[in-house]
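Novice: Would you mind keeping the following structure in view while I ask a few things?
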Amino acid sequence: MKITIQKIRTALIITRRETRDQLRDWRIIFPVVTLTVFFPFLMNFTAGRILAFTEQYGATIVGERLVPFLLMIVGFFPISFSLVIALESFVGEKERGSIEPLLHAPLDDWQLYLGKLLAAILAPLSSSFLGMAVYLIGLVLSGVPLPETSMMFLIITLTVVQAIVMVSGAVVVSSQATSVRAANLLSSFIIIPIALLVQGESILMFWGSHDTLWWAVFGLLILAIILIRLGVTHFQREELLGREIDVLNIKWILKTYWLKFTGGAGSVVEWYGKVIPRALRAIHVPLLITLMIAGVGILVGMQEINNFYIPLDESNIDNLSENMDALMAMIPIGSVAPVLMILWQNVRVLLLSMVLGVFTFGVLGVVPLFASTAVVGYLYMLLAVHGLSVTSFLAMIVPHSIIEIPGAMIAVAGIIRGGAELITPNTAKTVGQSLIETVADWMKLFIGVVVPMLLLAAMIEAWFTPRIASLFIR
Amino acid sequence: MIHTKDLTKKFDDFLAVDMLNFTVNPGQVLVMLGPNGAGKTTTVRMLTSILKPTKGSATIAGYDVVEQADKVRKAVGVLTEHHGLYARMTMTEYLDFFGGLYLLSKDETRRRVEPLIVRFNLTDAKKKRLGEFSKGMRQKLALVRALIHDPPVLLLDEPTSAMDPESARMVRDSIAGLRSSDRTIVLCTHNLTEAEQLADIVAIIHQGKIILAGSVPEIKSKVLGEPEYIAYFSESIGGWHSDHVANAHMTGRGDDWMKFRISDPEIANTRLMKEMIQAGLPIVSFQAVPRSLEDAYLRAVRNEDLEGVTQ
């Protein structure tokens, strides 16, 4: 993929054509005019009324917070229809039969993709800027104080990044969908998270937590980059013309999954002898990252004792030894139910990590591990503050954690690797195929290595940890 | 030049194109004939680097369709089966757009397309929106677009499918006019008259395979056998028959006509005529029995189907 100025210029020819086409379509022009001219006036009027109303009761802060919030809304509404343009960018042309001549043109895949991506974003974003400008001018004219410059900059940046995320997500959907109908149905995967995000942003805006909003901008920027990369790397001319119908091909899904899961092994012995070691070798770098995340988690947890101190009943610490005795009496060695309970808890958390990881390209998959290690760090500090010795604490944790934590780390490393695989250039695979193979790769490690480790750890935790810990506590 | 070797395309379990081998030299027109779903469009898409072959290889103007896709696209002009145009653009804007994609300036694009626009009778439609074009006009414009960069290889998928007879003839004549010693043309069509008029080589494709290939006379000869001639007489010829002329075998007769299958017409026809004249037969006419490419095509496909059923 060689990027030159000439190639970018050629990609912009597509952008120009599509933008001009949009501006000739009254179905696009009508909302643009409405949302950029009439809607901001309505918001001006609303802002003025609410400010006047809240001033009567001395609640000026509500009005002050409302003005930037409405700026965000005025900016967001026009970019919401960018989704409609982006969703049909590829698949719409395919349905109209005009995509094939374009695919025959001497363009690289990335040129086609970039041209269409920019075309989908340009008109809605311009409309968004225009709407915000009209709103701000209206505020000046009606004597309402403007939000702070830094706040305005934050909102404009947030709007741009949000638009890029929505459009890049929708273009991915459009390039992978088989029909406009399918693309529209899939759009809920973009609309729902964005709707939740805007709600969260609204809360933060009223809360006045601007730093957190900047973090949201940063997170969205990363997501936008990942989505663009995902779209470009998995864009295939062949797939665009090859797939015609939306049929859930369960046979193909199972076959793809099984091939990846077994790795071509003919027996369990071969699977454990060749496939699993290969899979473990493949995660050595993600494993290092996971180790760092776990370390940082522990440190963050230990630090948090300063922010969230929970006073414990001293008698609980004093009676720790008796409590251990009661626990040992309740869970005799060989009892199965507590083992299964512990195992199920751990499996559930790691499955949740995997689901989070798949939908965020691995990023959120590390959250449960980070949270768990932070809790360990926090608990250690909490008990230490209450006079519990390091050895007693370690005795309660180490016997089973020495197996459980590496197991969890292998699972999380698998998630990180899966996320990286998804966004690695691979035009030979569709997004669907990559997703199935990523899940199969992860399940291979999970079932082959992690679950056995968690089972062993659960047995130790239920049967031996209390007994070892009681020796140290006494 | 186009060259394919064992070119194969499989979609999941469906074999769309099965081991195609052919060569089309510069100056030649290859016509691909075949029923719907035979694999013609898939072949064209592989030759234009849109679909990757599952097996085998192909080169276009010396470039490999997988390894040198960008060069292939520059060397090929394609008229697709679905030529969907951008309805809100004018013809001039549309051609400028595609000219730009082929790195041509507006002036250069217009200089190149002007003669084609005149040839295809589209001059009055320059400022019209493409949504207002008739099917035939759209097809002609798509053909102009395919020629915009003066490609050495032309792949035309159903170029006259939506046209009235007059426009179809105009386009056919134009395709014939596009022949040149350094241009290779591949044409997919269902129109057998078109194929007969334009083809240097005909390839009949059925279920992804080339079942028959050759020039039109070769195809007819292979499928329908040696040519037949029929003689008409002004009165009954009674029981006259000829067993003496080599390479001429009587295949039918009536009271005032006789039909012969002749493998060597240049020699055998002269001898046969001479014999009939010597016998005093009142000959009215002696002519070849018309045999169309359509007959050959239908029989070839039918034979292939029967073989498939038998197997």
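We name chains A, B, ... following the order of the structure tokens; residues begin at 1 in each chain, and ligands are numbered from 1 as shown.
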With the cut-off set at 7 Å and counting only C-alpha atoms, tabulate each residue of chain A with an atom at most that distance from an atom of chain B, showing the nearest atom pair and its distance in Å to one decimal, ordered by chain and increasing number, as a Markdown table.
Specialist:
```
| residue | atom | partner | partner_atom | distance |
| --- | --- | --- | --- | --- |
| A:Thr10 | CA | B:Leu101 | CA | 6.0 |
| A:Asp21 | CA | B:Arg88 | CA | 6.6 |
| A:Arg96 | CA | B:Gly84 | CA | 6.0 |
| A:Gly97 | CA | B:Gly84 | CA | 4.5 |
| A:Ser98 | CA | B:Gly84 | CA | 4.2 |
| A:His104 | CA | B:Arg73 | CA | 6.1 |
| A:Ala105 | CA | B:Arg73 | CA | 6.1 |
| A:Pro106 | CA | B:Arg73 | CA | 5.0 |
| A:Arg237 | CA | B:Ile50 | CA | 5.9 |
| A:Glu238 | CA | B:Leu51 | CA | 4.9 |
```
Novice: With C-alpha atoms retained, export the selected residues as an mmCIF file, in the first residue's frame.
Specialist:
```cif
data_model
loop_
_atom_site.group_PDB
_atom_site.id
_atom_site.type_symbol
_atom_site.label_atom_id
_atom_site.label_comp_id
_atom_site.auth_asym_id
_atom_site.auth_seq_id
_atom_site.Cartn_x
_atom_site.Cartn_y
_atom_site.Cartn_z
ATOM 1 C CA THR A 10 -7.341 10.586 -7.152
ATOM 2 C CA ASP A 21 -24.133 14.108 -5.682
ATOM 3 C CA ARG A 96 -27.678 0.446 -7.948
ATOM 4 C CA GLY A 97 -25.094 -1.396 -10.061
ATOM 5 C CA SER A 98 -22.746 1.573 -10.261
ATOM 6 C CA HIS A 104 -12.521 -1.623 -12.481
ATOM 7 C CA ALA A 105 -10.834 1.773 -12.242
ATOM 8 C CA PRO A 106 -7.084 1.751 -11.545
ATOM 9 C CA ARG A 237 -13.434 -5.747 -4.006
ATOM 10 C CA GLU A 238 -14.118 -9.451 -4.374
#
```
Novice: Run DSSP on the backbone and tell me which residues of region 175-304 of chain A come out as helix (DSSP H, G or I); list them as an MDAnalysis selection string.
Specialist: chainID A and resid 175:176 180:186 188:207 210:234 237:242 250:262 268:281 284:304
Novice: Calculate how many Å separate CA of Glu421 (chain A) from CA of Val91 (chain A), rounding to one decimal.
Specialist: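 A separation of 25.1 Å between them.
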Novice: What's the 12 Å shell around Met205 (chain A), counting only C-alpha atoms, without same-chain residues fewer than 2 positions away, as an MDAnalysis selection string?
Specialist: chainID A and resid 61:62 64:73 147 151:152 154:155 158 198:203 207:214 216
Novice: Mind writing the picked residues with N, CA, C and O atoms as a compact mmCIF listing (two decimals), in the first residue's frame?
Specialist:
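result-v7.txt, freshly written:
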```
# COMPACT_ATOMS: atom_id res chain seq x y z
N ILE A 61 -26.52 28.15 37.67
CA ILE A 61 -25.56 27.11 37.21
C ILE A 61 -26.22 26.16 36.21
O ILE A 61 -25.59 25.70 35.26
N VAL A 62 -27.52 25.90 36.41
CA VAL A 62 -28.23 24.99 35.49
C VAL A 62 -28.23 25.61 34.09
O VAL A 62 -27.94 24.94 33.09
N GLU A 64 -26.21 27.89 32.93
CA GLU A 64 -24.83 28.00 32.41
C GLU A 64 -24.37 26.68 31.80
O GLU A 64 -23.69 26.64 30.78
N ARG A 65 -24.76 25.60 32.47
CA ARG A 65 -24.36 24.28 31.97
C ARG A 65 -25.16 23.88 30.74
O ARG A 65 -24.72 23.08 29.92
N LEU A 66 -26.36 24.46 30.65
CA LEU A 66 -27.24 24.10 29.53
C LEU A 66 -26.73 24.66 28.20
O LEU A 66 -26.86 24.01 27.16
N VAL A 67 -26.13 25.86 28.25
CA VAL A 67 -25.69 26.52 27.01
C VAL A 67 -24.68 25.64 26.24
O VAL A 67 -24.89 25.35 25.06
N PRO A 68 -23.60 25.16 26.87
CA PRO A 68 -22.68 24.28 26.12
C PRO A 68 -23.32 22.94 25.76
O PRO A 68 -23.01 22.37 24.71
N PHE A 69 -24.23 22.48 26.63
CA PHE A 69 -24.89 21.20 26.33
C PHE A 69 -25.68 21.32 25.02
O PHE A 69 -25.63 20.45 24.15
N LEU A 70 -26.39 22.45 24.88
CA LEU A 70 -27.17 22.65 23.66
C LEU A 70 -26.26 22.82 22.44
O LEU A 70 -26.61 22.41 21.34
N LEU A 71 -25.08 23.39 22.66
CA LEU A 71 -24.11 23.50 21.56
C LEU A 71 -23.73 22.10 21.07
O LEU A 71 -23.65 21.83 19.86
N MET A 72 -23.54 21.19 22.02
CA MET A 72 -23.20 19.81 21.67
C MET A 72 -24.35 19.16 20.88
O MET A 72 -24.12 18.48 19.88
N ILE A 73 -25.56 19.41 21.33
CA ILE A 73 -26.73 18.81 20.66
C ILE A 73 -26.88 19.38 19.24
O ILE A 73 -27.11 18.64 18.29
N PRO A 147 -20.16 30.09 26.01
CA PRO A 147 -19.37 29.20 26.88
C PRO A 147 -17.89 29.58 26.77
O PRO A 147 -17.49 30.25 25.81
N MET A 151 -14.12 25.27 26.53
CA MET A 151 -15.31 24.41 26.49
C MET A 151 -15.80 24.26 25.04
O MET A 151 -16.17 23.16 24.61
N MET A 152 -15.79 25.39 24.32
CA MET A 152 -16.24 25.34 22.92
C MET A 152 -15.31 24.45 22.10
O MET A 152 -15.74 23.65 21.28
N LEU A 154 -13.55 22.01 23.22
CA LEU A 154 -13.80 20.62 23.62
C LEU A 154 -15.01 20.06 22.86
O LEU A 154 -14.97 18.95 22.33
N ILE A 155 -16.08 20.85 22.81
CA ILE A 155 -17.31 20.37 22.17
C ILE A 155 -17.10 20.18 20.67
O ILE A 155 -17.54 19.17 20.10
N LEU A 158 -15.04 17.09 20.20
CA LEU A 158 -15.87 15.91 20.51
C LEU A 158 -16.81 15.61 19.33
O LEU A 158 -16.97 14.44 18.94
N VAL A 198 -23.55 9.60 24.13
CA VAL A 198 -24.03 10.98 24.19
C VAL A 198 -24.71 11.24 25.54
O VAL A 198 -24.55 12.32 26.14
N GLN A 199 -25.44 10.23 26.02
CA GLN A 199 -26.07 10.39 27.34
C GLN A 199 -25.02 10.58 28.43
O GLN A 199 -25.13 11.44 29.29
N GLY A 200 -23.98 9.74 28.34
CA GLY A 200 -22.89 9.85 29.32
C GLY A 200 -22.22 11.21 29.23
O GLY A 200 -21.94 11.85 30.26
N GLU A 201 -22.00 11.66 28.01
CA GLU A 201 -21.35 12.96 27.81
C GLU A 201 -22.21 14.10 28.37
O GLU A 201 -21.70 15.05 28.95
N SER A 202 -23.53 13.94 28.19
CA SER A 202 -24.45 14.96 28.71
C SER A 202 -24.33 15.06 30.23
O SER A 202 -24.26 16.16 30.80
N ILE A 203 -24.27 13.88 30.87
CA ILE A 203 -24.14 13.87 32.33
C ILE A 203 -22.86 14.57 32.75
O ILE A 203 -22.84 15.42 33.63
N TRP A 207 -22.28 17.81 34.94
CA TRP A 207 -21.47 17.60 36.14
C TRP A 207 -20.28 18.57 36.15
O TRP A 207 -19.69 18.86 37.18
N GLY A 208 -19.91 19.01 34.93
CA GLY A 208 -18.76 19.92 34.80
C GLY A 208 -17.44 19.20 34.79
O GLY A 208 -16.40 19.78 35.05
N SER A 209 -17.48 17.88 34.47
CA SER A 209 -16.25 17.08 34.48
C SER A 209 -15.58 17.14 33.10
O SER A 209 -15.66 16.20 32.32
N HIS A 210 -14.92 18.25 32.82
CA HIS A 210 -14.34 18.44 31.49
C HIS A 210 -13.17 17.52 31.22
O HIS A 210 -12.97 17.08 30.08
N ASP A 211 -12.38 17.23 32.26
CA ASP A 211 -11.23 16.34 32.07
C ASP A 211 -11.69 14.99 31.56
O ASP A 211 -11.09 14.40 30.66
N THR A 212 -12.76 14.49 32.17
CA THR A 212 -13.28 13.18 31.75
C THR A 212 -13.75 13.24 30.30
O THR A 212 -13.58 12.28 29.54
N LEU A 213 -14.32 14.38 29.91
CA LEU A 213 -14.76 14.51 28.52
C LEU A 213 -13.58 14.47 27.56
O LEU A 213 -13.67 13.92 26.47
N TRP A 214 -12.45 15.06 27.99
CA TRP A 214 -11.25 14.96 27.15
C TRP A 214 -10.78 13.52 27.03
O TRP A 214 -10.30 13.10 25.98
N ALA A 216 -12.79 11.04 27.03
CA ALA A 216 -13.75 10.46 26.06
C ALA A 216 -13.31 10.78 24.63
O ALA A 216 -13.37 9.92 23.75
```
Novice: Name the residues in contact with region 270-274 of chain B at a cut-off of 12 Å, using only C-alpha atoms, excluding same-chain residues fewer than 5 positions from it; report them as a PDB file with N, CA, C and O atoms, in the first residue's frame.
Specialist:
```pdb
ATOM      1  N   TYR B 229     -25.348 -29.908 -48.793  1.00  0.00           N
ATOM      2  CA  TYR B 229     -25.777 -29.145 -49.982  1.00  0.00           C
ATOM      3  C   TYR B 229     -27.081 -29.754 -50.479  1.00  0.00           C
ATOM      4  O   TYR B 229     -27.298 -30.970 -50.385  1.00  0.00           O
ATOM      5  N   ILE B 230     -27.945 -28.916 -51.047  1.00  0.00           N
ATOM      6  CA  ILE B 230     -29.217 -29.416 -51.543  1.00  0.00           C
ATOM      7  C   ILE B 230     -29.401 -28.988 -53.007  1.00  0.00           C
ATOM      8  O   ILE B 230     -29.077 -27.843 -53.372  1.00  0.00           O
ATOM      9  N   ALA B 231     -29.832 -29.932 -53.797  1.00  0.00           N
ATOM     10  CA  ALA B 231     -30.081 -29.639 -55.223  1.00  0.00           C
ATOM     11  C   ALA B 231     -31.583 -29.728 -55.469  1.00  0.00           C
ATOM     12  O   ALA B 231     -32.236 -30.675 -54.997  1.00  0.00           O
ATOM     13  N   TYR B 232     -32.135 -28.702 -56.130  1.00  0.00           N
ATOM     14  CA  TYR B 232     -33.563 -28.719 -56.503  1.00  0.00           C
ATOM     15  C   TYR B 232     -33.673 -28.887 -58.027  1.00  0.00           C
ATOM     16  O   TYR B 232     -32.852 -28.308 -58.770  1.00  0.00           O
ATOM     17  N   HIS B 241     -29.487 -41.749 -58.769  1.00  0.00           N
ATOM     18  CA  HIS B 241     -28.646 -41.510 -57.594  1.00  0.00           C
ATOM     19  C   HIS B 241     -27.182 -41.562 -58.002  1.00  0.00           C
ATOM     20  O   HIS B 241     -26.846 -42.112 -59.065  1.00  0.00           O
ATOM     21  N   SER B 242     -26.362 -40.999 -57.168  1.00  0.00           N
ATOM     22  CA  SER B 242     -24.942 -40.975 -57.500  1.00  0.00           C
ATOM     23  C   SER B 242     -24.143 -41.635 -56.392  1.00  0.00           C
ATOM     24  O   SER B 242     -24.240 -41.270 -55.224  1.00  0.00           O
ATOM     25  N   ASP B 243     -23.385 -42.631 -56.788  1.00  0.00           N
ATOM     26  CA  ASP B 243     -22.488 -43.275 -55.812  1.00  0.00           C
ATOM     27  C   ASP B 243     -21.040 -43.062 -56.230  1.00  0.00           C
ATOM     28  O   ASP B 243     -20.133 -43.551 -55.576  1.00  0.00           O
ATOM     29  N   HIS B 244     -20.875 -42.318 -57.317  1.00  0.00           N
ATOM     30  CA  HIS B 244     -19.523 -42.284 -57.897  1.00  0.00           C
ATOM     31  C   HIS B 244     -18.651 -41.174 -57.338  1.00  0.00           C
ATOM     32  O   HIS B 244     -17.455 -41.296 -57.336  1.00  0.00           O
ATOM     33  N   VAL B 245     -19.264 -40.084 -56.877  1.00  0.00           N
ATOM     34  CA  VAL B 245     -18.441 -38.939 -56.471  1.00  0.00           C
ATOM     35  C   VAL B 245     -17.910 -39.150 -55.047  1.00  0.00           C
ATOM     36  O   VAL B 245     -18.692 -39.347 -54.118  1.00  0.00           O
ATOM     37  N   ALA B 246     -16.592 -39.100 -54.967  1.00  0.00           N
ATOM     38  CA  ALA B 246     -15.959 -39.289 -53.639  1.00  0.00           C
ATOM     39  C   ALA B 246     -16.280 -38.103 -52.727  1.00  0.00           C
ATOM     40  O   ALA B 246     -16.453 -36.979 -53.200  1.00  0.00           O
ATOM     41  N   ASN B 247     -16.381 -38.356 -51.436  1.00  0.00           N
ATOM     42  CA  ASN B 247     -16.630 -37.335 -50.402  1.00  0.00           C
ATOM     43  C   ASN B 247     -18.002 -36.663 -50.493  1.00  0.00           C
ATOM     44  O   ASN B 247     -18.209 -35.607 -49.937  1.00  0.00           O
ATOM     45  N   ALA B 248     -18.907 -37.257 -51.269  1.00  0.00           N
ATOM     46  CA  ALA B 248     -20.275 -36.713 -51.324  1.00  0.00           C
ATOM     47  C   ALA B 248     -21.251 -37.867 -51.057  1.00  0.00           C
ATOM     48  O   ALA B 248     -21.307 -38.822 -51.819  1.00  0.00           O
ATOM     49  N   HIS B 249     -21.943 -37.752 -49.900  1.00  0.00           N
ATOM     50  CA  HIS B 249     -22.857 -38.847 -49.534  1.00  0.00           C
ATOM     51  C   HIS B 249     -24.268 -38.310 -49.444  1.00  0.00           C
ATOM     52  O   HIS B 249     -24.510 -37.303 -48.777  1.00  0.00           O
ATOM     53  N   MET B 250     -25.187 -38.998 -50.141  1.00  0.00           N
ATOM     54  CA  MET B 250     -26.567 -38.552 -50.136  1.00  0.00           C
ATOM     55  C   MET B 250     -27.174 -38.771 -48.741  1.00  0.00           C
ATOM     56  O   MET B 250     -27.044 -39.857 -48.169  1.00  0.00           O
ATOM     57  N   MET B 258     -32.521 -33.431 -53.789  1.00  0.00           N
ATOM     58  CA  MET B 258     -31.561 -34.381 -53.181  1.00  0.00           C
ATOM     59  C   MET B 258     -30.623 -33.601 -52.255  1.00  0.00           C
ATOM     60  O   MET B 258     -30.258 -32.467 -52.562  1.00  0.00           O
ATOM     61  N   LYS B 259     -30.239 -34.253 -51.140  1.00  0.00           N
ATOM     62  CA  LYS B 259     -29.358 -33.578 -50.176  1.00  0.00           C
ATOM     63  C   LYS B 259     -28.096 -34.412 -50.005  1.00  0.00           C
ATOM     64  O   LYS B 259     -28.171 -35.647 -49.925  1.00  0.00           O
ATOM     65  N   PHE B 260     -26.956 -33.742 -49.977  1.00  0.00           N
ATOM     66  CA  PHE B 260     -25.664 -34.444 -49.845  1.00  0.00           C
ATOM     67  C   PHE B 260     -24.848 -33.857 -48.701  1.00  0.00           C
ATOM     68  O   PHE B 260     -24.897 -32.652 -48.467  1.00  0.00           O
ATOM     69  N   ARG B 261     -24.120 -34.731 -48.005  1.00  0.00           N
ATOM     70  CA  ARG B 261     -23.122 -34.230 -47.037  1.00  0.00           C
ATOM     71  C   ARG B 261     -21.773 -34.336 -47.731  1.00  0.00           C
ATOM     72  O   ARG B 261     -21.396 -35.411 -48.191  1.00  0.00           O
ATOM     73  N   ILE B 262     -21.103 -33.214 -47.815  1.00  0.00           N
ATOM     74  CA  ILE B 262     -19.886 -33.176 -48.635  1.00  0.00           C
ATOM     75  C   ILE B 262     -18.703 -32.694 -47.795  1.00  0.00           C
ATOM     76  O   ILE B 262     -18.749 -31.623 -47.194  1.00  0.00           O
ATOM     77  N   ASP B 264     -15.583 -32.313 -48.934  1.00  0.00           N
ATOM     78  CA  ASP B 264     -14.562 -31.595 -49.707  1.00  0.00           C
ATOM     79  C   ASP B 264     -15.259 -30.822 -50.829  1.00  0.00           C
ATOM     80  O   ASP B 264     -15.157 -31.188 -52.013  1.00  0.00           O
ATOM     81  N   PRO B 265     -16.021 -29.770 -50.489  1.00  0.00           N
ATOM     82  CA  PRO B 265     -16.900 -29.122 -51.470  1.00  0.00           C
ATOM     83  C   PRO B 265     -16.175 -28.597 -52.718  1.00  0.00           C
ATOM     84  O   PRO B 265     -16.728 -28.657 -53.810  1.00  0.00           O
ATOM     85  N   ALA B 279     -26.214 -36.518 -66.653  1.00  0.00           N
ATOM     86  CA  ALA B 279     -27.395 -37.397 -66.564  1.00  0.00           C
ATOM     87  C   ALA B 279     -28.654 -36.682 -67.052  1.00  0.00           C
ATOM     88  O   ALA B 279     -29.736 -37.270 -67.104  1.00  0.00           O
ATOM     89  N   GLY B 280     -28.518 -35.406 -67.420  1.00  0.00           N
ATOM     90  CA  GLY B 280     -29.643 -34.626 -67.957  1.00  0.00           C
ATOM     91  C   GLY B 280     -30.663 -34.232 -66.909  1.00  0.00           C
ATOM     92  O   GLY B 280     -31.846 -34.029 -67.232  1.00  0.00           O
ATOM     93  N   LEU B 281     -30.250 -34.134 -65.686  1.00  0.00           N
ATOM     94  CA  LEU B 281     -31.208 -33.733 -64.630  1.00  0.00           C
ATOM     95  C   LEU B 281     -31.506 -32.242 -64.755  1.00  0.00           C
ATOM     96  O   LEU B 281     -30.596 -31.435 -64.975  1.00  0.00           O
ATOM     97  N   PRO B 282     -32.778 -31.851 -64.617  1.00  0.00           N
ATOM     98  CA  PRO B 282     -33.146 -30.425 -64.774  1.00  0.00           C
ATOM     99  C   PRO B 282     -32.857 -29.616 -63.493  1.00  0.00           C
ATOM    100  O   PRO B 282     -33.739 -29.362 -62.681  1.00  0.00           O
ATOM    101  N   ILE B 283     -31.632 -29.206 -63.290  1.00  0.00           N
ATOM    102  CA  ILE B 283     -31.227 -28.524 -62.048  1.00  0.00           C
ATOM    103  C   ILE B 283     -31.780 -27.097 -62.010  1.00  0.00           C
ATOM    104  O   ILE B 283     -31.608 -26.333 -62.951  1.00  0.00           O
ATOM    105  N   VAL B 284     -32.425 -26.790 -60.909  1.00  0.00           N
ATOM    106  CA  VAL B 284     -32.895 -25.417 -60.688  1.00  0.00           C
ATOM    107  C   VAL B 284     -31.887 -24.676 -59.810  1.00  0.00           C
ATOM    108  O   VAL B 284     -31.499 -23.552 -60.105  1.00  0.00           O
ATOM    109  N   SER B 285     -31.453 -25.329 -58.740  1.00  0.00           N
ATOM    110  CA  SER B 285     -30.440 -24.691 -57.862  1.00  0.00           C
ATOM    111  C   SER B 285     -29.630 -25.759 -57.148  1.00  0.00           C
ATOM    112  O   SER B 285     -30.084 -26.902 -56.981  1.00  0.00           O
ATOM    113  N   PHE B 286     -28.427 -25.372 -56.722  1.00  0.00           N
ATOM    114  CA  PHE B 286     -27.565 -26.258 -55.933  1.00  0.00           C
ATOM    115  C   PHE B 286     -26.869 -25.369 -54.893  1.00  0.00           C
ATOM    116  O   PHE B 286     -26.080 -24.502 -55.243  1.00  0.00           O
ATOM    117  N   GLN B 287     -27.263 -25.530 -53.670  1.00  0.00           N
ATOM    118  CA  GLN B 287     -26.750 -24.581 -52.661  1.00  0.00           C
ATOM    119  C   GLN B 287     -26.496 -25.253 -51.316  1.00  0.00           C
ATOM    120  O   GLN B 287     -27.010 -26.355 -51.059  1.00  0.00           O
TER     121      GLN B 287
END
```
Novice: What are the DSSP strand (DSSP E) residues of region 122-177 of chain B, as JSON, numbers by chain?
Specialist: {"B": [153, 154, 155, 156, 157]}
Novice: Could you list, as a list of chain:residue names, every residue within 12 Å of region 258-269 of chain A, counting only C-alpha atoms and ignoring same-chain residues fewer than 4 positions away?
Specialist: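 Returned residues: A:Ile250, A:Lys251, A:Trp252, A:Ile253, A:Leu254, A:Gly273, A:Lys274, A:Val275, A:Ile276, A:Pro277, A:Arg278, A:Ala279, A:Gln433, A:Ser434, A:Leu435, A:Ile436, A:Glu437, A:Thr438, A:Val439, A:Ala440, A:Asp441, A:Trp442, A:Met443, A:Lys444, A:Leu445, A:Phe446, A:Ile447, A:Gly448.
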Novice: Pick out the residues sitting within 6 Å of region 392-403 of chain A, and hand them over as number ranges by chain; count only C-alpha atoms, and ignore anything fewer than 6 positions along from it in its own chain.
Specialist: A: 457, 460-461, 465, 469, 472-473
Novice: With N, CA and C atoms kept, could you save the residues just selected as a PDB file, in the first residue's frame?
Specialist:
```pdb
ATOM      1  N   ALA A 457      -7.035 -24.360  40.352  1.00  0.00           N
ATOM      2  CA  ALA A 457      -6.974 -23.244  41.308  1.00  0.00           C
ATOM      3  C   ALA A 457      -8.197 -23.245  42.221  1.00  0.00           C
ATOM      4  N   ILE A 460      -7.803 -25.865  44.883  1.00  0.00           N
ATOM      5  CA  ILE A 460      -6.849 -25.421  45.914  1.00  0.00           C
ATOM      6  C   ILE A 460      -7.512 -24.369  46.810  1.00  0.00           C
ATOM      7  N   GLU A 461      -8.228 -23.445  46.139  1.00  0.00           N
ATOM      8  CA  GLU A 461      -8.846 -22.342  46.897  1.00  0.00           C
ATOM      9  C   GLU A 461      -9.891 -22.862  47.890  1.00  0.00           C
ATOM     10  N   THR A 465      -6.376 -23.579  50.521  1.00  0.00           N
ATOM     11  CA  THR A 465      -6.008 -22.213  50.921  1.00  0.00           C
ATOM     12  C   THR A 465      -6.423 -21.900  52.374  1.00  0.00           C
ATOM     13  N   ALA A 469      -3.692 -20.878  55.079  1.00  0.00           N
ATOM     14  CA  ALA A 469      -3.805 -19.533  55.663  1.00  0.00           C
ATOM     15  C   ALA A 469      -3.930 -19.608  57.187  1.00  0.00           C
ATOM     16  N   PHE A 472      -0.706 -19.704  59.105  1.00  0.00           N
ATOM     17  CA  PHE A 472       0.028 -18.430  59.223  1.00  0.00           C
ATOM     18  C   PHE A 472      -0.680 -17.453  60.163  1.00  0.00           C
ATOM     19  N   ILE A 473      -2.006 -17.491  60.113  1.00  0.00           N
ATOM     20  CA  ILE A 473      -2.752 -16.530  60.929  1.00  0.00           C
ATOM     21  C   ILE A 473      -2.563 -16.830  62.413  1.00  0.00           C
TER      22      ILE A 473
END
```
Novice: Neighbouring residues of Val74 (chain A) were defined as those with any atom within 9 Å, considering only C-alpha atoms; residues of the same chain fewer than 3 positions away were excluded. Please report them as a list in words.
Specialist: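 Surrounding residues, per the criterion: Leu35, Thr36, Phe39, Pro40, Met43, Phe69, Leu70, Leu71, Phe77, Pro78, Ser128, Gly131, Met132 and Tyr135 of chain A.
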Novice: Rounded to one decimal, what separation in Å do you get between CA of Leu351 (chain A) and CA of Ala182 (chain A)?
Specialist: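 Value for the CA of Leu351 (chain A)-CA of Ala182 (chain A) distance: 28.1 Å.
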Novice: When you draw a straight line from CA of Ser321 (chain A) to CA of Val336 (chain A), how long is it in Å?
Specialist: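 CA of Val336 (chain A) lies 23.9 Å from CA of Ser321 (chain A).
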Novice: Of the candidates A:Lys7, A:Arg27, A:Lys116, A:Arg281, which one gets nearest to Val171 (chain A) if we count only C-alpha atoms?
Specialist: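 Of the candidates, the smallest distance to Val171 (chain A) is held by A:Lys116.
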